[in-house]
$ cat input-v8.cif   # mmCIF, C-alpha atoms
data_start
#
loop_
_atom_site.group_PDB
_atom_site.id
_atom_site.type_symbol
_atom_site.label_atom_id
_atom_site.label_comp_id
_atom_site.auth_asym_id
_atom_site.auth_seq_id
_atom_site.Cartn_x
_atom_site.Cartn_y
_atom_site.Cartn_z
ATOM 1 C CA MET I 1 8.136 -19.572 -35.665
ATOM 2 C CA LEU I 2 10.209 -16.683 -34.341
ATOM 3 C CA ALA I 3 7.108 -14.457 -34.162
ATOM 4 C CA ALA I 4 5.290 -17.131 -32.141
ATOM 5 C CA LEU I 5 8.212 -17.390 -29.691
ATOM 6 C CA VAL I 6 8.329 -13.610 -29.269
ATOM 7 C CA LEU I 7 4.576 -13.518 -28.614
ATOM 8 C CA LEU I 8 4.839 -16.379 -26.106
ATOM 9 C CA ALA I 9 7.738 -14.656 -24.310
ATOM 10 C CA GLN I 10 5.707 -11.448 -24.046
ATOM 11 C CA LEU I 11 2.689 -13.300 -22.644
ATOM 12 C CA VAL I 12 4.800 -15.205 -20.096
ATOM 13 C CA SER I 13 6.735 -12.134 -18.967
ATOM 14 C CA SER I 14 3.600 -9.993 -18.641
ATOM 15 C CA HIS I 15 1.814 -12.759 -16.709
ATOM 16 C CA ALA I 16 4.809 -13.301 -14.392
ATOM 17 C CA ARG I 17 4.812 -9.622 -13.425
ATOM 18 C CA GLU I 18 1.069 -9.472 -12.821
ATOM 19 C CA ALA I 19 0.612 -8.330 -9.237
ATOM 20 C CA PRO I 20 -1.900 -9.982 -6.910
ATOM 21 C CA SER I 21 -4.990 -7.824 -6.619
ATOM 22 C CA ALA I 22 -7.301 -9.576 -4.164
ATOM 23 C CA GLY I 23 -7.392 -10.888 -0.643
ATOM 24 C CA ALA I 24 -9.562 -11.209 2.441
ATOM 25 C CA GLY I 25 -12.773 -10.839 0.438
ATOM 26 C CA LEU I 26 -11.687 -7.674 -1.375
ATOM 27 C CA GLY I 27 -10.414 -6.998 -4.863
ATOM 28 C CA TRP I 28 -8.672 -3.938 -6.327
ATOM 29 C CA ASP I 29 -7.067 -2.714 -9.517
ATOM 30 C CA VAL I 30 -3.262 -2.435 -9.535
ATOM 31 C CA PRO I 31 -1.921 0.687 -11.251
ATOM 32 C CA LYS I 32 0.254 0.141 -14.310
ATOM 33 C CA GLY I 33 3.951 0.004 -13.457
ATOM 34 C CA TRP I 34 3.472 -1.317 -9.928
ATOM 35 C CA GLU I 35 5.173 -4.663 -9.444
ATOM 36 C CA ALA I 36 4.623 -7.249 -6.741
ATOM 37 C CA ALA I 37 7.638 -8.174 -4.639
ATOM 38 C CA SER I 38 8.070 -11.288 -2.545
ATOM 39 C CA THR I 39 6.485 -11.089 0.883
ATOM 40 C CA SER I 40 8.146 -12.109 4.117
ATOM 41 C CA SER I 41 5.086 -12.514 6.304
ATOM 42 C CA PRO I 42 1.849 -14.476 6.088
ATOM 43 C CA MET I 43 0.045 -11.314 7.285
ATOM 44 C CA ARG I 44 1.298 -9.353 4.259
ATOM 45 C CA LEU I 45 -0.958 -10.118 1.305
ATOM 46 C CA VAL I 46 1.332 -8.344 -1.146
ATOM 47 C CA THR I 47 4.011 -5.685 -1.394
ATOM 48 C CA TYR I 48 4.010 -3.448 -4.443
ATOM 49 C CA LYS I 49 7.255 -1.756 -5.481
ATOM 50 C CA LEU I 50 6.693 1.587 -7.164
ATOM 51 C CA PRO I 51 9.014 3.679 -9.311
ATOM 52 C CA ALA I 52 11.129 6.374 -7.673
ATOM 53 C CA ALA I 53 10.530 9.999 -8.570
ATOM 54 C CA ALA I 54 13.405 11.789 -10.321
ATOM 55 C CA GLY I 55 16.153 12.499 -7.807
ATOM 56 C CA ASP I 56 14.941 10.055 -5.137
ATOM 57 C CA PRO I 57 17.370 7.250 -4.258
ATOM 58 C CA GLU I 58 14.577 4.687 -3.960
ATOM 59 C CA GLY I 59 10.946 4.221 -4.793
ATOM 60 C CA PRO I 60 8.110 3.824 -2.325
ATOM 61 C CA GLU I 61 6.368 0.589 -1.484
ATOM 62 C CA LEU I 62 2.791 -0.279 -0.718
ATOM 63 C CA GLY I 63 2.333 -3.036 1.837
ATOM 64 C CA VAL I 64 -1.111 -4.680 1.947
ATOM 65 C CA PHE I 65 -1.788 -6.453 5.246
ATOM 66 C CA TYR I 66 -4.514 -8.742 6.550
ATOM 67 C CA PHE I 67 -4.380 -10.250 10.037
ATOM 68 C CA GLY I 68 -7.607 -12.257 10.006
ATOM 69 C CA PRO I 69 -11.238 -11.657 10.993
ATOM 70 C CA GLY I 70 -11.410 -9.308 13.985
ATOM 71 C CA GLN I 71 -7.591 -9.098 14.164
ATOM 72 C CA GLY I 72 -5.124 -6.245 13.712
ATOM 73 C CA GLY I 73 -6.702 -3.767 16.116
ATOM 74 C CA SER I 74 -9.273 -1.065 15.594
ATOM 75 C CA VAL I 75 -9.141 1.401 12.735
ATOM 76 C CA GLU I 76 -8.501 4.224 15.204
ATOM 77 C CA ALA I 77 -5.630 2.356 16.923
ATOM 78 C CA ASN I 78 -3.967 1.672 13.582
ATOM 79 C CA VAL I 79 -4.252 5.280 12.408
ATOM 80 C CA ALA I 80 -2.737 6.410 15.740
ATOM 81 C CA ARG I 81 0.105 3.879 15.396
ATOM 82 C CA TRP I 82 0.835 5.000 11.840
ATOM 83 C CA LEU I 83 0.953 8.636 12.977
ATOM 84 C CA GLN I 84 3.385 7.670 15.757
ATOM 85 C CA GLN I 85 5.663 6.121 13.130
ATOM 86 C CA ILE I 86 6.174 9.453 11.348
ATOM 87 C CA ALA I 87 7.407 12.428 13.360
ATOM 88 C CA PRO I 88 6.545 15.831 11.902
ATOM 89 C CA GLU I 89 9.340 17.896 10.381
ATOM 90 C CA LYS I 90 9.352 21.619 9.711
ATOM 91 C CA GLY I 91 6.862 22.283 6.900
ATOM 92 C CA SER I 92 5.540 18.718 6.810
ATOM 93 C CA LYS I 93 1.849 18.042 6.227
ATOM 94 C CA ARG I 94 -0.695 15.754 7.882
ATOM 95 C CA GLU I 95 -4.144 14.800 6.674
ATOM 96 C CA GLU I 96 -6.610 13.945 9.406
ATOM 97 C CA ALA I 97 -8.142 10.500 9.199
ATOM 98 C CA ARG I 98 -11.356 10.572 7.183
ATOM 99 C CA ARG I 99 -13.857 7.829 6.589
ATOM 100 C CA ALA I 100 -15.802 7.290 3.360
ATOM 101 C CA MET I 101 -17.702 4.554 1.591
ATOM 102 C CA VAL I 102 -16.039 3.046 -1.478
ATOM 103 C CA ASN I 103 -18.326 0.740 -3.428
ATOM 104 C CA GLY I 104 -20.179 -0.107 -0.213
ATOM 105 C CA ILE I 105 -16.957 -0.704 1.788
ATOM 106 C CA PRO I 106 -16.075 1.569 4.742
ATOM 107 C CA VAL I 107 -12.574 2.971 4.156
ATOM 108 C CA THR I 108 -10.563 5.218 6.475
ATOM 109 C CA ARG I 109 -7.685 7.195 4.947
ATOM 110 C CA MET I 110 -4.857 9.266 6.369
ATOM 111 C CA ALA I 111 -1.524 10.771 5.313
ATOM 112 C CA ALA I 112 1.529 12.282 6.996
ATOM 113 C CA GLU I 113 5.012 13.525 6.134
ATOM 114 C CA GLY I 114 8.135 13.701 8.270
ATOM 115 C CA THR I 115 10.748 11.352 9.697
ATOM 116 C CA TYR I 116 9.520 7.791 9.289
ATOM 117 C CA ALA I 117 10.605 5.135 11.777
ATOM 118 C CA SER I 118 10.916 2.147 9.465
ATOM 119 C CA GLY I 119 11.091 -1.354 10.876
ATOM 120 C CA MET I 120 8.912 -4.000 12.464
ATOM 121 C CA PRO I 121 6.554 -2.884 15.260
ATOM 122 C CA GLY I 122 8.208 -3.440 18.639
ATOM 123 C CA GLY I 123 11.643 -3.915 17.037
ATOM 124 C CA PRO I 124 14.506 -1.586 16.156
ATOM 125 C CA THR I 125 13.676 1.235 13.779
ATOM 126 C CA THR I 126 15.649 3.289 11.288
ATOM 127 C CA PRO I 127 14.719 7.002 11.058
ATOM 128 C CA ARG I 128 14.134 8.102 7.447
ATOM 129 C CA SER I 129 13.781 11.890 7.163
ATOM 130 C CA GLY I 130 11.864 13.455 4.295
ATOM 131 C CA TRP I 131 9.468 10.522 3.993
ATOM 132 C CA ALA I 132 5.706 10.201 3.740
ATOM 133 C CA LEU I 133 3.082 7.656 4.732
ATOM 134 C CA VAL I 134 -0.310 7.363 3.059
ATOM 135 C CA GLY I 135 -2.668 4.777 4.473
ATOM 136 C CA ALA I 136 -6.091 3.305 3.922
ATOM 137 C CA ILE I 137 -7.950 0.754 6.024
ATOM 138 C CA ALA I 138 -10.761 -1.060 4.225
ATOM 139 C CA GLU I 139 -13.315 -2.824 6.408
ATOM 140 C CA GLY I 140 -13.938 -5.793 4.152
ATOM 141 C CA PRO I 141 -16.294 -8.750 4.551
ATOM 142 C CA GLN I 142 -13.553 -10.916 6.114
ATOM 143 C CA GLY I 143 -12.007 -8.162 8.265
ATOM 144 C CA ALA I 144 -9.836 -5.090 7.883
ATOM 145 C CA VAL I 145 -7.307 -4.861 5.056
ATOM 146 C CA PHE I 146 -4.524 -2.313 5.581
ATOM 147 C CA PHE I 147 -2.918 -0.449 2.659
ATOM 148 C CA LYS I 148 0.256 1.381 3.762
ATOM 149 C CA LEU I 149 2.285 3.404 1.226
ATOM 150 C CA THR I 150 5.675 4.620 2.494
ATOM 151 C CA GLY I 151 8.772 6.124 0.912
ATOM 152 C CA PRO I 152 10.579 9.344 0.077
ATOM 153 C CA LYS I 153 8.120 12.239 0.129
ATOM 154 C CA LYS I 154 8.523 13.156 -3.556
ATOM 155 C CA SER I 155 8.086 9.540 -4.708
ATOM 156 C CA VAL I 156 5.023 9.042 -2.498
ATOM 157 C CA ALA I 157 3.529 12.251 -3.916
ATOM 158 C CA ALA I 158 4.150 10.925 -7.442
ATOM 159 C CA ALA I 159 2.451 7.624 -6.518
ATOM 160 C CA ARG I 160 -0.521 9.264 -4.813
ATOM 161 C CA ALA I 161 -2.799 9.282 -7.881
ATOM 162 C CA GLY I 162 -2.193 5.546 -8.343
ATOM 163 C CA PHE I 163 -2.857 4.907 -4.650
ATOM 164 C CA ASP I 164 -6.078 6.922 -4.839
ATOM 165 C CA ALA I 165 -7.155 4.951 -7.933
ATOM 166 C CA LEU I 166 -6.398 1.627 -6.214
ATOM 167 C CA VAL I 167 -8.497 2.625 -3.189
ATOM 168 C CA ALA I 168 -11.322 3.880 -5.433
ATOM 169 C CA SER I 169 -11.359 0.491 -7.184
ATOM 170 C CA LEU I 170 -11.957 -1.524 -3.974
ATOM 171 C CA ARG I 171 -14.782 -4.017 -4.293
ATOM 172 C CA ARG I 172 -16.070 -7.167 -2.678
ATOM 173 C CA SER I 173 -14.477 -10.244 -4.214
ATOM 174 C CA ALA I 174 -14.874 -13.983 -3.933
ATOM 175 C CA ALA I 175 -11.067 -14.328 -4.158
ATOM 176 C CA ALA I 176 -9.368 -14.678 -0.791
#
$ encode --input "input-v8.cif" --output "structure tokens"
Amino acid sequence: MLAALVLLAQLVSSHAREAPSAGAGLGWDVPKGWEAASTSSPMRLVTYKLPAAAGDPEGPELGVFYFGPGQGGSVEANVARWLQQIAPEKGSKREEARRAMVNGIPVTRMAAEGTYASGMPGGPTTPRSGWALVGAIAEGPQGAVFFKLTGPKKSVAAARAGFDALVASLRRSAAA
């Protein structure tokens, strides 16, 4: 009886932590250890909380956004806006936007380090020095889906392999 209760508790707790991995006609694989947090906006499909790297006061987060078919602005406008949100610092790096096909889906990726202006677009921002932003915009069958990873530079660097794996796993999905 006790063994059955332990097994049931493990199944329930693992299912409760399972992060959403589909939306807007796309599906993706969520890296192990990434947990879904509650979302505060209908345009945010999911927010994943990631572990902090040693020495960082907080971990990064990956926000996944979908604004609807034909909504959210062009890929180029979004990349430009993301770059405006992170001011270069001495020695910081930037990766130019590059477009590739991932399982038949056009995906544009970019990355930048510096002082990140966190906050809602058009609202007050809080400057966060020593941060990084890694983004991907997938042009899915129902419109663009935006993947935006932000956090302390060291923690974002530690999460980069997981982010790259998530993007590489993008596929068309019947789940919305």
$ residues_around --input "input-v8.cif" --residues "region 134-150 of chain I" --least-positions-apart "6" --cutoff "6 Å" --atoms "all atoms listed in the file" --output "number ranges by chain"
I: 24-25, 60-66, 69-70, 106-111
$ write_last_selection --input "input-v8.cif" --atoms "C-alpha atoms" --output "PDB file, in the frame of the given file"
ATOM      1  CA  ALA I  24      -9.562 -11.209   2.441  1.00  0.00           C
ATOM      2  CA  GLY I  25     -12.773 -10.839   0.438  1.00  0.00           C
ATOM      3  CA  PRO I  60       8.110   3.824  -2.325  1.00  0.00           C
ATOM      4  CA  GLU I  61       6.368   0.589  -1.484  1.00  0.00           C
ATOM      5  CA  LEU I  62       2.791  -0.279  -0.718  1.00  0.00           C
ATOM      6  CA  GLY I  63       2.333  -3.036   1.837  1.00  0.00           C
ATOM      7  CA  VAL I  64      -1.111  -4.680   1.947  1.00  0.00           C
ATOM      8  CA  PHE I  65      -1.788  -6.453   5.246  1.00  0.00           C
ATOM      9  CA  TYR I  66      -4.514  -8.742   6.550  1.00  0.00           C
ATOM     10  CA  PRO I  69     -11.238 -11.657  10.993  1.00  0.00           C
ATOM     11  CA  GLY I  70     -11.410  -9.308  13.985  1.00  0.00           C
ATOM     12  CA  PRO I 106     -16.075   1.569   4.742  1.00  0.00           C
ATOM     13  CA  VAL I 107     -12.574   2.971   4.156  1.00  0.00           C
ATOM     14  CA  THR I 108     -10.563   5.218   6.475  1.00  0.00           C
ATOM     15  CA  ARG I 109      -7.685   7.195   4.947  1.00  0.00           C
ATOM     16  CA  MET I 110      -4.857   9.266   6.369  1.00  0.00           C
ATOM     17  CA  ALA I 111      -1.524  10.771   5.313  1.00  0.00           C
TER      18      ALA I 111
END
$ atom_distance --input "input-v8.cif" --atom1 "CA of Ser169 (chain I)" --atom2 "CA of Lys32 (chain I)"
13.6 Å
$ resolve_selection --input "input-v8.cif" --expression "the PyMOL selection byres ((chain I and resi 34) around 10)" --output "ChimeraX atom specification"
/I:17-19,30-33,35-37,47-51,61-62,159,162
$ atom_distance --input "input-v8.cif" --atom1 "CA of Ala80 (chain I)" --atom2 "CA of Ala112 (chain I)"
11.4 Å
$ resolve_selection --input "input-v8.cif" --expression "the PyMOL selection byres ((chain I and resi 94) around 10)" --output "PyMOL selection string"
chain I and resi 83+86+88+92-93+95-97+110-114+132-134
$ residues_near_point --input "input-v8.cif" --point "(12.1, 4.6, 9.3)" --cutoff "8 Å" --atoms "all atoms listed in the file" --output "ChimeraX atom specification"
/I:85-86,115-119,125-129
$ resolve_selection --input "input-v8.cif" --expression "the PyMOL selection byres ((chain I and resi 53) around 8)" --output "list in words"
Pro51, Ala52, Ala54, Gly55, Asp56, Gly59, Lys154, Ser155 and Ala158 of chain I
$ write_last_selection --input "input-v8.cif" --atoms "C-alpha atoms" --output "mmCIF file, keeping the file's coordinate frame"
data_model
loop_
_atom_site.group_PDB
_atom_site.id
_atom_site.type_symbol
_atom_site.label_atom_id
_atom_site.label_comp_id
_atom_site.auth_asym_id
_atom_site.auth_seq_id
_atom_site.Cartn_x
_atom_site.Cartn_y
_atom_site.Cartn_z
ATOM 1 C CA PRO I 51 9.014 3.679 -9.311
ATOM 2 C CA ALA I 52 11.129 6.374 -7.673
ATOM 3 C CA ALA I 54 13.405 11.789 -10.321
ATOM 4 C CA GLY I 55 16.153 12.499 -7.807
ATOM 5 C CA ASP I 56 14.941 10.055 -5.137
ATOM 6 C CA GLY I 59 10.946 4.221 -4.793
ATOM 7 C CA LYS I 154 8.523 13.156 -3.556
ATOM 8 C CA SER I 155 8.086 9.540 -4.708
ATOM 9 C CA ALA I 158 4.150 10.925 -7.442
#
$ atom_distance --input "input-v8.cif" --atom1 "CA of Leu170 (chain I)" --atom2 "CA of Trp82 (chain I)"
21.4 Å
$ closest_residue --input "input-v8.cif" --among "I:Gly130, I:Gly73, I:Val156, I:Ala174" --to "Lys90 (chain I)" --atoms "all atoms listed in the file"
I:Gly130
$ closest_residue --input "input-v8.cif" --among "I:Ala77, I:Val102, I:Ala87, I:Ala157" --to "Gly27 (chain I)" --atoms "all atoms listed in the file"
I:Val102
$ axis_aligned_box --input "input-v8.cif" --around "region 125-138 of chain I" --padding-each-side "6 Å" --output "lines of an AutoDock Vina configuration file"
center_x = 2.4
center_y = 6.2
center_z = 8.4
size_x = 38.4
size_y = 26.5
size_z = 22.7
